[in-house]
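Read through the structure below, which is laid out as structure tokens, and then see the notes.
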Amino acid sequence: MALILENHQAKKLKPPQEKSSYWAIVRRQFSRSWLNRIGLIIILAMGFVALVAPLLANSQPLYVRYEGKVYFPILQKIWPLTHLNLYPEIREWNFDKLEKKGADVRYTLVPYSPNDYDLESILLPPDEYHLLGTDEQGRDVLSRMIYGSRISLSVGFVAVGIYTLIGIIIGALAGFFGGRLDMLLSRLIEVVICFPTFFLILTILAIFGPSIYNIMIIIGLTGWTGIARLSRGEFLKLRDQDFVTACRSQGMKTRRIIFRHILPNALAPVLVSATFGIAAAILVESSLSFLGFGVQPPTPSWGDLLSQSRAFMDIAWWLTIFPGAAIFLTITSFNLVGEGLRDAIDPKLRR
Amino acid sequence: MLLKVENIVKHFPLPRGWWWQKKSKVQAVNDVSFSLEGGKTLGLVGESGCGKTTLARLLMRLIAPDSGKIYLEGEELTSLKESKLRPLRKKFQMIFQDPYSSLNPRMTVGQILTEPLKVHGMGKKAGYLNRVQEMIDKVGLSRNAYGRYPHEFSGGQRQRVGIARSLMLYPKLVIADEPVSALDVSIQAQIINLMMDLQKDMDLTYLFIAHDLKVVRHISQRILVMYLGHIVEEIDSEHLESARHPYTHALLSAVPVPSPQVARKKIVLTGDVPSPINPPSGCSFRTRCPYAQEICAEKDPFLDSLHDDHRVACLLVKEVPPFSDLEKNSETR
């Protein structure tokens, strides 16, 4: 509260000029390159698509007006509204017949749900109805890909979120307190680095059954070593800087020094590493799904789509190309953004 | 007495290479005692590596001494736990040498200056802004400094921020660890004058550390000369010319005289400072002392009063003339 007040008052005293906070400079530096901007836009777009997937691809109409009443049947498919019985009368309706009776029925951009099979239209190449074609069960590929993005991105963000948190905590403890604790934690890091993550995941999934949550947790529990080493180094470097000494001589508590003074300075390189980590995690998830250890059918994921497409590669190129392109594009974008960030936080490259 | 330091010792143990080797240690501060009156400035000079900064850190209780006592306003500090010490910390604050690493680059000047107030819960939150602005004015920064980041300022301005930060809690004692060594000469004078003005204004007591005797002499009433962890001479800055210790002579002769007519005889010390890991026996200065005799290797000198306000740690103090006499000789030559 006090901080907000101060900032507010500070603004009153000083007319807003060009912002010069660290992150404002990083943002300026980052957006210098159009490659970085494109990468960021693609990631944001993917995130948006994943977030609003049910509103983009749904076999339920977005909007129906029938006999003077307005319905939004799509709401029945959106969690958590699925639990409410919003329109008990709608369940039996056939919207095609309704439309012929003169109802105003509007669909979403992709009027197919990811698991709607239609055996009369199997393996259709892209056309104006199925923009990216259909698979061997007549399911719309675009719709499945839109839902697949939710799996890929959530695995990326959740797994990396878990391991960034673990990594920062362990690295901060090791770097700030040093001594024996540092020795102990550094050895722990070295032990964990030796785990062959991919095979560990395969083993665990074989024991506990394939599940996307298991993937997230295992990547999260084994992937933190890089972040821990990075933040250990940053803390080691920063804790002996004079401004930290000044904090101590003011009588500040260790918790405040770590979280308020050192952590914001140590965060930038960690963030860069995390960005690359998301790309890696998405790739691991796709590989596992490709091997059949990821999400279970019929839930779509990009790796799973690729895996299914193998049998029809010679007759249905669209089944392979589009999910493959989605994986490629996402990972490339994350890597571009990661590299852009890395350059943006590097003061030597600053102009 | 505001500050009284008694026989303080700090040795840093070195990691030993092999288990059969003897454990060695850096003797950074060796048996240092002095006291400081409120409202005065005590200068501390000595070449790099002689333990000045370690002494400052000991006094700030950033590191614990091996032995010895520190009294601030009669209160003994070395035996206090950190939790007990914390509320007392607002009485003694520090100004740092490097104006670049001493300010948090992610915080605005306003935030940096508000931190001490928050940590010590000084007064009402609503009053923080006014107190910070008042201090910004006091140290001669422009009013819009509040919302700006340290990297937008020059070295001298940053040092002003550092001074402001150390004064936010209205301390009694300010330990300035080479506050001007990293600055241009023209800026040095500004900062020193600012510190002297603030001293009058806020009734501050300074322990002013520097390696430049000229600067120390300008701001201090008394001067301590340090060599290899020992205090070798304590003298009023007015009577600096009557310094008796040969090391102080060398320092004095290095101060340039602002007159082309005067040819000052330079006392150039030979050799390097001995390693504080393995200091020479007896007087630690004997290896470079032009007056050294056999006795210097055998007996430890101690800081002995020559007059009321003049203490020298030299076994041959009777044989070493005051610096002013040396000067006369060199001029007649």
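By convention here, the chains of the structure tokens are called A, B, ... in the order presented, each chain's residues are numbered starting at 1, and ligands are numbered starting at 1 in the order presented.
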Identify every residue of chain B that has at least one atom within 10 Å of any atom of chain A, counting only C-alpha atoms, and report the result as a compact mmCIF listing (two decimals) with all heavy atoms, in the first residue's frame.
```txt
# COMPACT_ATOMS: atom_id res chain seq x y z
N ARG B 57 34.39 -2.54 8.79
CA ARG B 57 33.38 -3.59 8.83
C ARG B 57 33.23 -4.14 10.25
O ARG B 57 32.13 -4.53 10.66
CB ARG B 57 33.71 -4.70 7.85
CG ARG B 57 33.61 -4.22 6.39
CD ARG B 57 34.23 -5.20 5.43
NE ARG B 57 33.49 -6.43 5.36
CZ ARG B 57 32.49 -6.64 4.53
NH1 ARG B 57 32.14 -5.69 3.69
NH2 ARG B 57 31.85 -7.78 4.50
N MET B 60 31.15 -1.64 12.11
CA MET B 60 29.75 -1.71 11.68
C MET B 60 29.10 -3.00 12.15
O MET B 60 27.92 -3.24 11.90
CB MET B 60 29.65 -1.64 10.15
CG MET B 60 29.88 -0.28 9.54
SD MET B 60 28.80 0.98 10.20
CE MET B 60 27.20 0.43 9.65
N ARG B 61 29.86 -3.86 12.77
CA ARG B 61 29.41 -5.17 13.21
C ARG B 61 28.88 -6.00 12.03
O ARG B 61 27.91 -6.72 12.11
CB ARG B 61 28.32 -5.08 14.29
CG ARG B 61 28.86 -4.78 15.69
CD ARG B 61 29.90 -5.76 16.18
NE ARG B 61 29.63 -7.14 15.86
CZ ARG B 61 28.87 -7.95 16.58
NH1 ARG B 61 28.32 -7.54 17.68
NH2 ARG B 61 28.68 -9.19 16.22
N LEU B 62 29.55 -5.85 10.90
CA LEU B 62 29.23 -6.69 9.75
C LEU B 62 30.00 -7.99 9.86
O LEU B 62 29.60 -9.02 9.32
CB LEU B 62 29.57 -5.98 8.44
CG LEU B 62 28.71 -4.76 8.14
CD1 LEU B 62 29.31 -3.92 7.05
CD2 LEU B 62 27.31 -5.19 7.77
N GLU B 82 22.66 -10.36 17.00
CA GLU B 82 22.16 -9.56 15.89
C GLU B 82 20.76 -9.01 16.17
O GLU B 82 20.46 -7.86 15.84
CB GLU B 82 22.17 -10.40 14.60
CG GLU B 82 21.76 -9.65 13.33
CD GLU B 82 22.67 -8.47 12.97
OE1 GLU B 82 23.89 -8.55 13.23
OE2 GLU B 82 22.15 -7.47 12.46
N SER B 83 19.91 -9.81 16.80
CA SER B 83 18.55 -9.34 17.04
C SER B 83 18.54 -8.17 18.03
O SER B 83 17.70 -7.27 17.91
CB SER B 83 17.69 -10.49 17.57
OG SER B 83 18.29 -11.05 18.72
N LEU B 85 21.10 -6.17 18.39
CA LEU B 85 21.88 -5.11 17.76
C LEU B 85 21.05 -4.31 16.77
O LEU B 85 21.26 -3.12 16.58
CB LEU B 85 23.07 -5.76 17.04
CG LEU B 85 24.14 -4.84 16.47
CD1 LEU B 85 24.85 -4.14 17.61
CD2 LEU B 85 25.13 -5.65 15.66
N ARG B 86 20.08 -5.00 16.15
CA ARG B 86 19.33 -4.42 15.03
C ARG B 86 18.76 -3.04 15.34
O ARG B 86 18.97 -2.11 14.57
CB ARG B 86 18.23 -5.40 14.62
CG ARG B 86 17.97 -5.38 13.15
CD ARG B 86 17.17 -6.59 12.71
NE ARG B 86 18.01 -7.63 12.16
CZ ARG B 86 17.78 -8.94 12.27
NH1 ARG B 86 16.71 -9.35 12.92
NH2 ARG B 86 18.57 -9.80 11.72
N PRO B 87 18.04 -2.86 16.46
CA PRO B 87 17.52 -1.51 16.73
C PRO B 87 18.62 -0.48 16.96
O PRO B 87 18.40 0.71 16.72
CB PRO B 87 16.68 -1.71 17.99
CG PRO B 87 17.04 -3.03 18.54
CD PRO B 87 17.56 -3.85 17.42
N LEU B 88 19.79 -0.92 17.40
CA LEU B 88 20.88 0.03 17.63
C LEU B 88 21.56 0.46 16.34
O LEU B 88 22.27 1.46 16.30
CB LEU B 88 21.94 -0.59 18.55
CG LEU B 88 21.51 -0.91 19.98
CD1 LEU B 88 22.65 -1.57 20.72
CD2 LEU B 88 21.07 0.35 20.68
N ARG B 89 21.36 -0.31 15.30
CA ARG B 89 22.08 -0.05 14.06
C ARG B 89 21.78 1.32 13.47
O ARG B 89 22.56 1.82 12.67
CB ARG B 89 21.78 -1.14 13.03
CG ARG B 89 22.56 -2.43 13.27
CD ARG B 89 22.52 -3.29 12.03
NE ARG B 89 23.24 -4.54 12.18
CZ ARG B 89 24.56 -4.66 12.02
NH1 ARG B 89 25.27 -3.61 11.72
NH2 ARG B 89 25.15 -5.83 12.17
N LYS B 90 20.65 1.88 13.84
CA LYS B 90 20.36 3.19 13.26
C LYS B 90 21.28 4.27 13.80
O LYS B 90 21.35 5.37 13.27
CB LYS B 90 18.89 3.57 13.47
CG LYS B 90 18.42 3.62 14.90
CD LYS B 90 17.00 4.21 14.90
CE LYS B 90 16.33 4.14 16.25
NZ LYS B 90 15.75 2.82 16.53
N LYS B 91 22.00 3.96 14.88
CA LYS B 91 22.92 4.94 15.44
C LYS B 91 24.23 5.04 14.67
O LYS B 91 24.95 6.01 14.79
CB LYS B 91 23.24 4.58 16.88
CG LYS B 91 22.11 4.81 17.83
CD LYS B 91 22.64 4.68 19.24
CE LYS B 91 21.52 4.63 20.25
NZ LYS B 91 22.06 4.27 21.56
N PHE B 92 24.60 3.95 13.99
CA PHE B 92 25.86 4.02 13.24
C PHE B 92 25.63 3.50 11.83
O PHE B 92 25.10 2.42 11.63
CB PHE B 92 26.98 3.25 13.96
CG PHE B 92 26.65 1.84 14.33
CD1 PHE B 92 27.17 0.78 13.60
CD2 PHE B 92 25.83 1.58 15.41
CE1 PHE B 92 26.87 -0.53 13.96
CE2 PHE B 92 25.53 0.27 15.77
CZ PHE B 92 26.05 -0.78 15.05
N GLN B 93 25.98 4.30 10.88
CA GLN B 93 25.73 3.97 9.48
C GLN B 93 27.02 4.13 8.68
O GLN B 93 28.01 4.67 9.17
CB GLN B 93 24.64 4.86 8.92
CG GLN B 93 23.26 4.49 9.44
CD GLN B 93 22.78 3.16 8.89
OE1 GLN B 93 22.86 2.90 7.71
NE2 GLN B 93 22.33 2.29 9.78
N MET B 94 26.96 3.66 7.44
CA MET B 94 28.19 3.58 6.66
C MET B 94 28.00 4.22 5.28
O MET B 94 26.94 4.12 4.69
CB MET B 94 28.55 2.10 6.50
CG MET B 94 29.91 1.86 5.91
SD MET B 94 30.39 0.15 6.23
CE MET B 94 31.94 0.11 5.36
N ILE B 95 29.07 4.85 4.81
CA ILE B 95 29.11 5.33 3.42
C ILE B 95 30.14 4.49 2.71
O ILE B 95 31.23 4.26 3.25
CB ILE B 95 29.47 6.82 3.36
CG1 ILE B 95 28.44 7.66 4.11
CG2 ILE B 95 29.56 7.29 1.91
CD1 ILE B 95 28.85 9.11 4.28
N PHE B 96 29.81 4.03 1.51
CA PHE B 96 30.69 3.08 0.85
C PHE B 96 31.59 3.74 -0.19
O PHE B 96 31.32 4.83 -0.67
CB PHE B 96 29.85 1.99 0.18
CG PHE B 96 29.13 1.14 1.18
CD1 PHE B 96 27.88 1.51 1.64
CD2 PHE B 96 29.70 -0.01 1.67
CE1 PHE B 96 27.21 0.75 2.58
CE2 PHE B 96 29.05 -0.78 2.60
CZ PHE B 96 27.80 -0.40 3.06
N GLN B 97 32.63 3.00 -0.53
CA GLN B 97 33.60 3.54 -1.47
C GLN B 97 33.05 3.61 -2.90
O GLN B 97 33.14 4.63 -3.55
CB GLN B 97 34.86 2.66 -1.46
CG GLN B 97 35.84 3.04 -2.56
CD GLN B 97 37.13 2.26 -2.47
OE1 GLN B 97 37.24 1.30 -1.73
NE2 GLN B 97 38.11 2.68 -3.22
N ASP B 98 32.47 2.49 -3.35
CA ASP B 98 32.10 2.39 -4.76
C ASP B 98 30.67 2.87 -4.97
O ASP B 98 29.73 2.21 -4.55
CB ASP B 98 32.24 0.93 -5.20
CG ASP B 98 31.91 0.76 -6.67
OD1 ASP B 98 31.61 1.77 -7.33
OD2 ASP B 98 31.96 -0.38 -7.15
N PRO B 99 30.49 4.04 -5.59
CA PRO B 99 29.13 4.54 -5.74
C PRO B 99 28.32 3.73 -6.76
O PRO B 99 27.13 3.95 -6.91
CB PRO B 99 29.33 5.97 -6.23
CG PRO B 99 30.66 5.97 -6.87
CD PRO B 99 31.49 4.92 -6.18
N TYR B 100 28.97 2.78 -7.43
CA TYR B 100 28.23 1.99 -8.42
C TYR B 100 27.62 0.74 -7.81
O TYR B 100 26.46 0.43 -8.05
CB TYR B 100 29.12 1.66 -9.61
CG TYR B 100 29.38 2.91 -10.40
CD1 TYR B 100 30.45 3.73 -10.09
CD2 TYR B 100 28.49 3.32 -11.38
CE1 TYR B 100 30.66 4.92 -10.76
CE2 TYR B 100 28.68 4.50 -12.05
CZ TYR B 100 29.77 5.30 -11.74
OH TYR B 100 29.94 6.48 -12.39
N SER B 101 28.39 0.02 -7.01
CA SER B 101 27.84 -1.22 -6.46
C SER B 101 27.11 -1.00 -5.15
O SER B 101 26.51 -1.90 -4.62
CB SER B 101 28.96 -2.25 -6.25
OG SER B 101 29.72 -1.92 -5.12
N SER B 102 27.13 0.23 -4.63
CA SER B 102 26.53 0.41 -3.31
C SER B 102 25.05 0.80 -3.39
O SER B 102 24.41 0.94 -2.37
CB SER B 102 27.30 1.45 -2.50
OG SER B 102 27.22 2.70 -3.13
N LEU B 103 24.53 0.97 -4.61
CA LEU B 103 23.10 1.27 -4.74
C LEU B 103 22.42 0.15 -5.53
O LEU B 103 22.93 -0.30 -6.55
CB LEU B 103 22.89 2.60 -5.47
CG LEU B 103 23.55 3.83 -4.85
CD1 LEU B 103 23.32 5.04 -5.72
CD2 LEU B 103 23.00 4.08 -3.47
N ASN B 104 21.29 -0.28 -5.03
CA ASN B 104 20.54 -1.36 -5.69
C ASN B 104 20.04 -0.88 -7.06
O ASN B 104 19.23 0.05 -7.13
CB ASN B 104 19.35 -1.76 -4.81
CG ASN B 104 18.65 -2.98 -5.33
OD1 ASN B 104 18.77 -3.33 -6.51
ND2 ASN B 104 17.93 -3.65 -4.46
N PRO B 105 20.51 -1.49 -8.15
CA PRO B 105 20.16 -0.97 -9.47
C PRO B 105 18.68 -1.13 -9.84
O PRO B 105 18.23 -0.50 -10.78
CB PRO B 105 21.03 -1.80 -10.42
CG PRO B 105 21.43 -3.00 -9.66
CD PRO B 105 21.44 -2.62 -8.22
N ARG B 106 17.94 -1.94 -9.12
CA ARG B 106 16.53 -2.15 -9.45
C ARG B 106 15.59 -1.23 -8.68
O ARG B 106 14.39 -1.34 -8.78
CB ARG B 106 16.10 -3.58 -9.17
CG ARG B 106 16.83 -4.62 -9.92
CD ARG B 106 16.40 -4.66 -11.37
NE ARG B 106 17.00 -5.83 -11.97
CZ ARG B 106 18.24 -5.87 -12.41
NH1 ARG B 106 19.00 -4.80 -12.35
NH2 ARG B 106 18.72 -6.98 -12.92
N MET B 107 16.16 -0.36 -7.84
CA MET B 107 15.29 0.49 -7.03
C MET B 107 15.49 1.94 -7.40
O MET B 107 16.61 2.35 -7.73
CB MET B 107 15.63 0.31 -5.55
CG MET B 107 15.13 -0.98 -4.98
SD MET B 107 15.45 -0.96 -3.22
CE MET B 107 14.35 -2.24 -2.69
N THR B 108 14.42 2.72 -7.30
CA THR B 108 14.57 4.15 -7.52
C THR B 108 15.23 4.75 -6.28
O THR B 108 15.23 4.15 -5.22
CB THR B 108 13.21 4.83 -7.74
OG1 THR B 108 12.44 4.64 -6.56
CG2 THR B 108 12.47 4.23 -8.91
N GLY B 110 14.13 7.06 -4.54
CA GLY B 110 13.11 7.17 -3.50
C GLY B 110 12.98 5.88 -2.70
O GLY B 110 12.93 5.89 -1.48
N GLN B 111 12.93 4.76 -3.42
CA GLN B 111 12.80 3.47 -2.73
C GLN B 111 14.02 3.18 -1.87
O GLN B 111 13.89 2.71 -0.74
CB GLN B 111 12.61 2.35 -3.75
CG GLN B 111 11.24 2.34 -4.40
CD GLN B 111 11.17 1.35 -5.54
OE1 GLN B 111 12.11 1.19 -6.31
NE2 GLN B 111 10.03 0.70 -5.68
N ILE B 112 15.20 3.47 -2.44
CA ILE B 112 16.43 3.21 -1.68
C ILE B 112 16.42 3.98 -0.38
O ILE B 112 16.79 3.47 0.67
CB ILE B 112 17.66 3.61 -2.54
CG1 ILE B 112 17.85 2.62 -3.68
CG2 ILE B 112 18.92 3.67 -1.67
CD1 ILE B 112 18.88 3.06 -4.70
N THR B 114 13.80 5.16 1.20
CA THR B 114 12.68 4.84 2.09
C THR B 114 12.94 3.56 2.87
O THR B 114 12.44 3.39 3.98
CB THR B 114 11.38 4.71 1.28
OG1 THR B 114 11.29 5.81 0.38
CG2 THR B 114 10.17 4.73 2.17
N GLU B 115 13.75 2.65 2.29
CA GLU B 115 14.01 1.36 2.93
C GLU B 115 14.42 1.49 4.40
O GLU B 115 13.83 0.82 5.25
CB GLU B 115 15.09 0.58 2.16
CG GLU B 115 14.56 -0.16 0.95
CD GLU B 115 13.64 -1.32 1.32
OE1 GLU B 115 14.12 -2.32 1.84
OE2 GLU B 115 12.42 -1.17 1.09
N PRO B 116 15.43 2.31 4.73
CA PRO B 116 15.82 2.37 6.15
C PRO B 116 14.67 2.78 7.05
O PRO B 116 14.53 2.25 8.16
CB PRO B 116 16.94 3.41 6.19
CG PRO B 116 17.23 3.80 4.80
CD PRO B 116 16.32 3.08 3.88
N LEU B 117 13.83 3.71 6.57
CA LEU B 117 12.69 4.15 7.39
C LEU B 117 11.75 2.99 7.63
O LEU B 117 11.26 2.78 8.73
CB LEU B 117 11.94 5.28 6.68
CG LEU B 117 12.73 6.57 6.45
CD1 LEU B 117 11.87 7.57 5.69
CD2 LEU B 117 13.15 7.16 7.78
N LYS B 118 11.50 2.21 6.59
CA LYS B 118 10.58 1.08 6.73
C LYS B 118 11.15 0.04 7.67
O LYS B 118 10.44 -0.49 8.51
CB LYS B 118 10.37 0.42 5.36
CG LYS B 118 9.40 1.15 4.46
CD LYS B 118 9.15 0.31 3.23
CE LYS B 118 8.35 1.06 2.22
NZ LYS B 118 8.50 0.46 0.90
N VAL B 119 12.44 -0.25 7.50
CA VAL B 119 13.06 -1.31 8.30
C VAL B 119 12.99 -0.97 9.78
O VAL B 119 12.74 -1.83 10.61
CB VAL B 119 14.52 -1.52 7.86
CG1 VAL B 119 15.25 -2.40 8.85
CG2 VAL B 119 14.56 -2.15 6.49
N HIS B 120 13.18 0.30 10.10
CA HIS B 120 13.17 0.67 11.51
C HIS B 120 11.83 1.24 11.96
O HIS B 120 11.70 1.71 13.08
CB HIS B 120 14.29 1.68 11.79
CG HIS B 120 15.64 1.04 11.83
ND1 HIS B 120 16.16 0.49 12.96
CD2 HIS B 120 16.54 0.82 10.85
CE1 HIS B 120 17.33 -0.04 12.70
NE2 HIS B 120 17.59 0.15 11.42
N LYS B 125 3.94 6.20 7.97
CA LYS B 125 4.24 5.95 6.56
C LYS B 125 3.97 7.18 5.71
O LYS B 125 4.65 7.42 4.72
CB LYS B 125 3.39 4.78 6.06
CG LYS B 125 3.98 3.48 6.55
CD LYS B 125 3.40 2.30 5.82
CE LYS B 125 4.16 1.06 6.27
NZ LYS B 125 3.43 -0.17 6.14
N ALA B 126 2.94 7.92 6.07
CA ALA B 126 2.59 9.09 5.27
C ALA B 126 3.71 10.12 5.26
O ALA B 126 3.84 10.91 4.34
CB ALA B 126 1.30 9.70 5.81
N TYR B 128 6.91 9.48 5.15
CA TYR B 128 8.14 9.00 4.50
C TYR B 128 8.55 9.87 3.33
O TYR B 128 9.70 10.25 3.18
CB TYR B 128 7.98 7.56 4.02
CG TYR B 128 7.98 6.53 5.13
CD1 TYR B 128 7.75 5.19 4.85
CD2 TYR B 128 8.23 6.89 6.45
CE1 TYR B 128 7.75 4.23 5.86
CE2 TYR B 128 8.23 5.95 7.45
CZ TYR B 128 7.98 4.62 7.15
OH TYR B 128 8.00 3.69 8.14
N LEU B 129 7.58 10.19 2.49
CA LEU B 129 7.92 10.93 1.27
C LEU B 129 8.56 12.27 1.62
O LEU B 129 9.58 12.65 1.04
CB LEU B 129 6.65 11.15 0.43
CG LEU B 129 6.89 11.97 -0.84
CD1 LEU B 129 7.62 11.14 -1.87
CD2 LEU B 129 5.58 12.46 -1.41
N ARG B 143 15.17 17.70 -7.07
CA ARG B 143 13.95 17.15 -6.48
C ARG B 143 13.43 15.94 -7.26
O ARG B 143 12.82 15.05 -6.69
CB ARG B 143 12.86 18.23 -6.45
CG ARG B 143 13.06 19.20 -5.33
CD ARG B 143 11.76 19.44 -4.59
NE ARG B 143 11.92 19.25 -3.17
CZ ARG B 143 10.90 18.96 -2.35
NH1 ARG B 143 9.69 18.82 -2.83
NH2 ARG B 143 11.11 18.81 -1.07
N ASN B 144 13.64 15.93 -8.56
CA ASN B 144 13.09 14.82 -9.33
C ASN B 144 13.93 13.55 -9.22
O ASN B 144 13.65 12.56 -9.87
CB ASN B 144 12.86 15.21 -10.79
CG ASN B 144 14.15 15.50 -11.51
OD1 ASN B 144 15.24 15.10 -11.05
ND2 ASN B 144 14.07 16.17 -12.64
N ALA B 145 14.94 13.58 -8.37
CA ALA B 145 15.75 12.37 -8.18
C ALA B 145 14.92 11.23 -7.62
O ALA B 145 15.24 10.07 -7.83
CB ALA B 145 16.92 12.67 -7.25
N TYR B 146 13.83 11.57 -6.92
CA TYR B 146 13.05 10.57 -6.20
C TYR B 146 12.66 9.36 -7.05
O TYR B 146 12.86 8.24 -6.66
CB TYR B 146 11.78 11.24 -5.66
CG TYR B 146 10.98 10.35 -4.74
CD1 TYR B 146 11.16 10.43 -3.37
CD2 TYR B 146 10.07 9.44 -5.23
CE1 TYR B 146 10.45 9.62 -2.51
CE2 TYR B 146 9.36 8.61 -4.38
CZ TYR B 146 9.55 8.71 -3.03
OH TYR B 146 8.85 7.89 -2.18
N GLY B 147 12.15 9.64 -8.24
CA GLY B 147 11.64 8.54 -9.05
C GLY B 147 12.65 7.98 -10.03
O GLY B 147 12.28 7.22 -10.92
N ARG B 148 13.89 8.39 -9.92
CA ARG B 148 14.87 7.96 -10.92
C ARG B 148 15.76 6.84 -10.39
O ARG B 148 15.88 6.64 -9.20
CB ARG B 148 15.71 9.16 -11.36
CG ARG B 148 14.88 10.12 -12.22
CD ARG B 148 15.51 11.46 -12.35
NE ARG B 148 16.71 11.40 -13.17
CZ ARG B 148 17.54 12.42 -13.31
NH1 ARG B 148 17.29 13.55 -12.68
NH2 ARG B 148 18.60 12.32 -14.06
N TYR B 149 16.35 6.13 -11.33
CA TYR B 149 17.17 4.97 -10.96
C TYR B 149 18.65 5.37 -10.86
O TYR B 149 19.09 6.29 -11.55
CB TYR B 149 16.98 3.86 -11.99
CG TYR B 149 15.64 3.20 -11.86
CD1 TYR B 149 14.52 3.73 -12.47
CD2 TYR B 149 15.48 2.07 -11.07
CE1 TYR B 149 13.27 3.14 -12.32
CE2 TYR B 149 14.25 1.47 -10.92
CZ TYR B 149 13.14 2.01 -11.55
OH TYR B 149 11.92 1.43 -11.39
N PRO B 150 19.42 4.63 -10.06
CA PRO B 150 20.82 4.99 -9.85
C PRO B 150 21.61 5.14 -11.15
O PRO B 150 22.47 6.01 -11.25
CB PRO B 150 21.35 3.81 -9.03
CG PRO B 150 20.19 3.29 -8.30
CD PRO B 150 19.01 3.52 -9.19
N HIS B 151 21.30 4.30 -12.17
CA HIS B 151 22.13 4.37 -13.37
C HIS B 151 21.94 5.66 -14.15
O HIS B 151 22.66 5.93 -15.10
CB HIS B 151 21.87 3.17 -14.28
CG HIS B 151 20.47 3.11 -14.83
ND1 HIS B 151 20.12 3.77 -15.97
CD2 HIS B 151 19.35 2.47 -14.41
CE1 HIS B 151 18.84 3.55 -16.22
NE2 HIS B 151 18.35 2.77 -15.28
N GLU B 152 20.94 6.46 -13.75
CA GLU B 152 20.74 7.74 -14.44
C GLU B 152 21.61 8.84 -13.85
O GLU B 152 21.57 9.98 -14.32
CB GLU B 152 19.27 8.16 -14.34
CG GLU B 152 18.32 7.18 -14.98
CD GLU B 152 16.87 7.56 -14.74
OE1 GLU B 152 16.47 8.63 -15.21
OE2 GLU B 152 16.16 6.81 -14.08
N GLY B 162 24.19 7.80 -1.73
CA GLY B 162 24.71 6.92 -0.69
C GLY B 162 24.81 7.64 0.65
O GLY B 162 24.49 7.07 1.69
N ARG B 165 21.35 8.01 2.03
CA ARG B 165 20.85 6.76 2.61
C ARG B 165 21.42 6.56 4.03
O ARG B 165 20.70 6.16 4.93
CB ARG B 165 21.25 5.58 1.74
CG ARG B 165 20.85 4.25 2.36
CD ARG B 165 21.23 3.09 1.50
NE ARG B 165 22.67 3.08 1.26
CZ ARG B 165 23.25 2.31 0.36
NH1 ARG B 165 22.54 1.52 -0.40
NH2 ARG B 165 24.55 2.36 0.19
N SER B 166 22.70 6.87 4.19
CA SER B 166 23.30 6.63 5.50
C SER B 166 22.76 7.61 6.54
O SER B 166 22.83 7.34 7.72
CB SER B 166 24.82 6.74 5.41
OG SER B 166 25.19 8.10 5.23
N LEU B 169 18.43 7.73 8.87
CA LEU B 169 18.03 7.34 10.23
C LEU B 169 18.59 8.29 11.29
O LEU B 169 18.52 8.00 12.46
CB LEU B 169 18.49 5.91 10.51
CG LEU B 169 17.86 4.84 9.61
CD1 LEU B 169 18.60 3.53 9.73
CD2 LEU B 169 16.40 4.65 9.97
```
DSSP-assigned strand (DSSP E or B) members of region 153-258 of chain B, reported as a ChimeraX atom specification: /B:173-177,205-210,222-227,230-236
DSSP helix (DSSP H, G or I) residues within region 56-285 of chain B, listed as a PyMOL selection string: chain B and resi 56-59+82-91+109-119+125-138+143-147+150-152+155-167+185-202+213-219+237-242+246-253
Closest of A:Phe72, A:Leu56, A:Val160, A:Leu132 to Leu109 (chain A) - atom-to-atom distances counting only C-alpha atoms: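 Closest to Leu109 (chain A), using only C-alpha atoms: A:Leu56.
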Who sits within 9 Å of Ile227 (chain A), only C-alpha atoms, same chain under 3 positions skipped, as a ChimeraX atom specification: /A:163-168,171,223-224,230-232,269-271,273-274
Residue neighbourhood region 296-299 of chain B, 10 Å, only C-alpha atoms, exclusion window fewer than 6 positions, as a list in words: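 Near region 296-299 of chain B, the qualifying residues are Pro280, Ser281, Gly282, Cys283, Ser284, Phe285, Arg286, Thr287, Cys289, Cys314, Leu315 and Leu316 of chain B.
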6 Å contact set for Gly46 (chain B), only C-alpha atoms, chain neighbours under 6 positions out, as a list in words: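 Selected residues are His211, Val225, Met226 and Tyr227 of chain B.
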Surrounding residues of region 41-50 of chain A excluding itself and chain neighbours under 4 positions, 12 Å, only C-alpha atoms, as a PyMOL selection string: chain A and resi 31+34-37+54-57+109+142-154+156-157+275+278-279+301+326-338
Length of the CA of Arg229 (chain A) to CA of Ala280 (chain A) vector [Å]: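 Result for CA of Arg229 (chain A) versus CA of Ala280 (chain A): 17.9 Å, one decimal.
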Spatial neighbours of Tyr129 (chain A), max dist 10 Å, only C-alpha atoms, sep filter under 6 positions, as a list in words: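 After dropping sequence-adjacent residues, the list is Val110, Pro111, Tyr112 and Asp140 of chain A.
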Output N, CA and C atoms of each residue in that selection to a file, as a tab-separated table (two decimals), in the first residue's frame.
```tsv
chain	number	residue	atom	x	y	z
A	110	VAL	N	-14.53	-22.51	-35.71
A	110	VAL	CA	-14.37	-23.91	-36.12
A	110	VAL	C	-15.52	-24.68	-35.50
A	111	PRO	N	-16.52	-25.00	-36.27
A	111	PRO	CA	-17.74	-25.56	-35.66
A	111	PRO	C	-17.65	-27.06	-35.39
A	112	TYR	N	-16.50	-27.51	-34.93
A	112	TYR	CA	-16.38	-28.94	-34.60
A	112	TYR	C	-15.69	-29.06	-33.25
A	140	ASP	N	-12.04	-33.13	-36.96
A	140	ASP	CA	-11.44	-31.93	-37.56
A	140	ASP	C	-10.04	-31.70	-36.97
```
